[in-house]
Amino acid sequence: MMDNGLSTQAMYHSMGISPQVFAFGEKILAGLRQRFEEVDRIAEFNQAKVIDAMQKNRVNAACFAATTGYGYDDMGREVLEKVYAACFGTEAALVRPQITCGTHALAVALSANLLPGDELLSPVGRPYDTLEEVIGIRPSPCSLREYGVRYRQVDLLPDGSFDYDRIRAAIGEHTRLVTIQRSKGYQTRPSFSVAQIGELIAFIRSIKPSVICMVDNCYGEFVEAQEPSQVGADMIVGSLIKNPGGGLAPIGGYICGTEACIRRCAFRLSAPGLGQEVGANLGILPAFFQGFFSAPTVVASALKGAIFAAHVYERLGFRVVPGAAEGRHDIIQAVELGSREAMLAFCAGIQAAAPVDSYVRPEPWAMPGYDDEVVMAAGAFVQGSSIELSADGPIRPPFAVYFQGGLTWFHAKLGILMSLQKICDAGLISYEKLEDASVCG
């Protein structure tokens with residue numbers, strides 16, 4: 001019991017969480033202490049890794065100065081890129097507010113390192129929806145296909161593992177770059193561990209040593225103690241409004257990798273001959289530095305929320321990916337809810353738990369870059385920030401919602417409880433079922 005007779009349960013009740021939902025959540029949490037301790041151990045290691053990179057590259061107050069115009073001689077920008085490279089174990093890095101999102105960062109990396117006649121191979125099946133137009137799977141002006149880059153993919157085996165035989169057969173004379181998507185995207189397949197990605201890269205290199213291996217690292221940064229760049233990837237790519245921005249970066253993306261690859265990426269982002277020498281920071285660097293500093297603990301909070309969500313919904317009989325007891329390789333938790341109504345109720349709960357726009361109800365709409373209607377719940381301080389509490393998914397079978405983020409564990413917990421409350425309010429789960437699931441567990 002807290003001061004003035006108030007309690008957390010009473011506070012949650014005033015926000016719309018029933019005693020039955022709260023009690024169910026507390027029973028789930030009682031068994032998660034060991035999992036949460038492991039998350040904290042990784043976060044502590046990664047926190048030290050980030051601080052070490054900042055110390056070795058002599059981050060100081062002068063790094064936070066704003067630049068405008070061309071951005072020549074921007075010391076802070078240069079130091080920030082050295083910090084990213086040191087932390088992720090690469091030769092070079094490109095970290096810029098001029099990169100608008102993760103899809104943009106991937107488009108820059110691909111178009112910079114593929115030439116007409118080259119072939120792009122995905123050995124992990126279909127890429128994320130927004131990359132289909134970048135590649136040209138769905139026709140689009142300025143796609144790689146329009147510029148003469150061919151695309152081939154090898155689907156995963158039914159159990160979600162790599163089809164090594166077909167990958168071997170797919171690598172040919174014109175295979176120039178292999179793209180590996182670490183996270184599941186809008187699919188209910190497993191996300192890949194850094195170790196699995198390292199094994200895949202080693203296999204590809206045994207067949208064709210010259211191939212460039214790029215990893216879409218979105219949602220995976222700081223989840224493990226290593227990054228794919230430390231197990232052989234030539235480039236890792238991500239968005240600063242996801243994990244590495246720590247919830248503070250208001251825009252931006254990064255590409256870390258070999259000097260040769262990053263040099264080409266810089267030319268593609270700005271212009272041939274200009275490269276990394278231009279690009280004003282416009283006073284945004286303090287948020288970039290501080291966000292990266294905070295990222296390991298913010299990611300840990302998001303991971304705890306994902307683990308909690310998996311246990312809550314698996315206990316109630318829903319298929320969750322990854323499973324509640326499985327290891328974590330990204331911050332995304334997929335829950336197959338089985339119906340449009342359940343998806344909308346879940347997302348309504350996440351929105352209702354938000355600090356921003358909590359009073360609105362998310363509705364599906366035709367978002368740019370997607371083939372299906374998509375529902376998105378995200379009451380975020382930064383528009384579209386997936387490291388903040390959010391949930392989304394395309395309105396198509398198996399009607400899976402993808403939950404991620406939470407700048408604090410307590411906010412993630414509230415979001416999951418509110419999602420369950422809205423599903424109960426819609427009559428899709430009864431309070432009796434919560435009691436039965438608690439007893440069975």
# chains A, B, ... in the order shown; residues from 1 in each chain; ligands from 1
$ closest_atom_pairs --of "segment 92-122 of chain A" --to "segment 147-163 of chain A" --cutoff "9 Å" --atoms "only C-alpha atoms" --output "JSON lines"
{"residue": "A:Leu114", "atom": "CA", "partner": "A:Val149", "partner_atom": "CA", "distance": 7.1}
{"residue": "A:Leu115", "atom": "CA", "partner": "A:Val149", "partner_atom": "CA", "distance": 6.6}
{"residue": "A:Pro116", "atom": "CA", "partner": "A:Gly148", "partner_atom": "CA", "distance": 4.5}
{"residue": "A:Gly117", "atom": "CA", "partner": "A:Val149", "partner_atom": "CA", "distance": 5.5}
{"residue": "A:Asp118", "atom": "CA", "partner": "A:Val149", "partner_atom": "CA", "distance": 5.3}
{"residue": "A:Glu119", "atom": "CA", "partner": "A:Arg150", "partner_atom": "CA", "distance": 4.6}
{"residue": "A:Leu120", "atom": "CA", "partner": "A:Tyr151", "partner_atom": "CA", "distance": 4.8}
{"residue": "A:Leu121", "atom": "CA", "partner": "A:Arg152", "partner_atom": "CA", "distance": 4.9}
{"residue": "A:Ser122", "atom": "CA", "partner": "A:Gln153", "partner_atom": "CA", "distance": 4.5}
$ closest_atom_pairs --of "segment 94-187 of chain A" --to "segment 386-404 of chain A" --cutoff "12 Å" --atoms "only C-alpha atoms" --output "CSV"
residue,atom,partner,partner_atom,distance
A:Cys101,CA,A:Ser386,CA,11.0
A:Gly102,CA,A:Ser386,CA,10.8
A:Tyr128,CA,A:Pro394,CA,11.9
A:Asp129,CA,A:Pro394,CA,10.0
A:Ser183,CA,A:Tyr402,CA,11.5
A:Lys184,CA,A:Tyr402,CA,9.7
A:Gly185,CA,A:Tyr402,CA,8.6
A:Tyr186,CA,A:Gly393,CA,6.8
A:Gln187,CA,A:Ala400,CA,8.4
$ write_last_selection --atoms "N, CA and C atoms" --output "compact mmCIF listing (two decimals), in the first residue's frame"
# COMPACT_ATOMS: atom_id res chain seq x y z
N CYS A 101 14.37 7.26 -42.73
CA CYS A 101 13.75 6.11 -42.08
C CYS A 101 14.58 4.87 -42.41
N GLY A 102 14.17 3.73 -41.84
CA GLY A 102 14.90 2.49 -42.10
C GLY A 102 14.84 2.07 -43.56
N TYR A 128 10.69 -7.20 -46.11
CA TYR A 128 9.67 -6.37 -45.50
C TYR A 128 8.89 -5.64 -46.59
N ASP A 129 7.61 -5.40 -46.33
CA ASP A 129 6.69 -4.86 -47.33
C ASP A 129 7.22 -3.61 -48.05
N SER A 183 14.94 -9.28 -38.51
CA SER A 183 13.65 -9.34 -37.84
C SER A 183 12.59 -9.95 -38.75
N LYS A 184 11.48 -10.37 -38.16
CA LYS A 184 10.45 -11.07 -38.91
C LYS A 184 9.65 -10.19 -39.84
N GLY A 185 9.62 -8.86 -39.60
CA GLY A 185 8.75 -8.00 -40.39
C GLY A 185 7.31 -8.38 -40.16
N TYR A 186 6.47 -8.26 -41.19
CA TYR A 186 5.07 -8.65 -41.07
C TYR A 186 4.88 -10.11 -41.47
N GLN A 187 5.71 -10.96 -40.89
CA GLN A 187 5.58 -12.40 -41.10
C GLN A 187 5.68 -13.08 -39.74
$ atom_distance --atom1 "atom CA of Ile262 of chain A" --atom2 "atom CA of Cys213 of chain A"
13.0 Å
$ closest_residue --among "A:Phe292, A:Asp216, A:Pro127, A:Cys256" --to "Ala53 of chain A" --atoms "only C-alpha atoms"
A:Phe292
$ residues_around --residues "segment 274-283 of chain A" --least-positions-apart "4" --cutoff "8 Å" --atoms "only C-alpha atoms" --output "list in words"
Phe64, Ala65, Ala66, Thr67, Thr68, Gly69, Tyr70, Gly71, Tyr72, Asp73, Asp74, Arg77, Leu94, Arg96, Pro97, Gln98, Arg263, Arg264, Cys265, Ala266, Phe267, Arg268, Leu269 and Ser270 of chain A
$ write_last_selection --atoms "C-alpha atoms" --output "short mmCIF file (atom, residue, chain, number, x, y, z; two decimals), in the first residue's frame"
data_model
loop_
_atom_site.label_atom_id
_atom_site.label_comp_id
_atom_site.auth_asym_id
_atom_site.auth_seq_id
_atom_site.Cartn_x
_atom_site.Cartn_y
_atom_site.Cartn_z
CA PHE A 64 27.00 18.99 -29.63
CA ALA A 65 27.40 22.23 -31.60
CA ALA A 66 24.93 22.88 -34.41
CA THR A 67 26.01 23.22 -38.03
CA THR A 68 24.04 24.57 -40.99
CA GLY A 69 24.34 24.82 -44.74
CA TYR A 70 26.89 22.44 -46.19
CA GLY A 71 27.94 21.22 -42.75
CA TYR A 72 31.65 21.27 -43.53
CA ASP A 73 34.01 20.42 -40.66
CA ASP A 74 31.22 19.06 -38.46
CA ARG A 77 28.96 14.35 -36.82
CA LEU A 94 27.20 6.79 -41.89
CA ARG A 96 22.69 11.07 -40.58
CA PRO A 97 19.45 12.97 -40.00
CA GLN A 98 19.22 13.16 -43.79
CA ARG A 263 32.07 5.38 -48.96
CA ARG A 264 29.67 4.38 -51.75
CA CYS A 265 26.68 4.85 -49.43
CA ALA A 266 27.82 8.38 -48.60
CA PHE A 267 28.14 9.22 -52.29
CA ARG A 268 24.65 7.87 -52.92
CA LEU A 269 23.13 9.77 -49.98
CA SER A 270 24.67 13.12 -50.96
#
$ atom_distance --atom1 "atom CA of Ser111 of chain A" --atom2 "atom CA of Glu132 of chain A"
13.8 Å
$ closest_residue --among "A:Ile17, A:Ile255, A:Leu32, A:Met75" --to "Leu240 of chain A" --atoms "only C-alpha atoms"
A:Ile255
$ residues_around --residues "Tyr219 of chain A" --least-positions-apart "5" --cutoff "9 Å" --atoms "only C-alpha atoms" --output "number ranges by chain"
A: 182-183, 238-239, 242-244, 329-332, 386-387, 404
$ residues_around --residues "Lys49 of chain A" --least-positions-apart "5" --cutoff "10 Å" --atoms "only C-alpha atoms" --output "count of residues only"
10
$ select_by_dssp --residues "segment 277-359 of chain A" --states "strand (DSSP E)" --output "ChimeraX atom specification"
/A:319-321,333-336
$ atom_distance --atom1 "atom CA of Ala348 of chain A" --atom2 "atom CA of Arg361 of chain A"
5.6 Å
$ closest_residue --among "A:Arg315, A:Lys433, A:Arg168, A:Arg189" --to "Gln20 of chain A" --atoms "only C-alpha atoms"
A:Lys433
$ residues_around --residues "Ile204 of chain A" --least-positions-apart "5" --cutoff "12 Å" --atoms "only C-alpha atoms" --output "ChimeraX atom specification"
/A:121-123,162-172,175-180,197-199,209-214,232-233
$ select_by_dssp --residues "segment 181-423 of chain A" --states "alpha helix (DSSP H)" --output "number ranges by chain"
A: 194-207, 259-269, 285-315, 340-352, 409-423
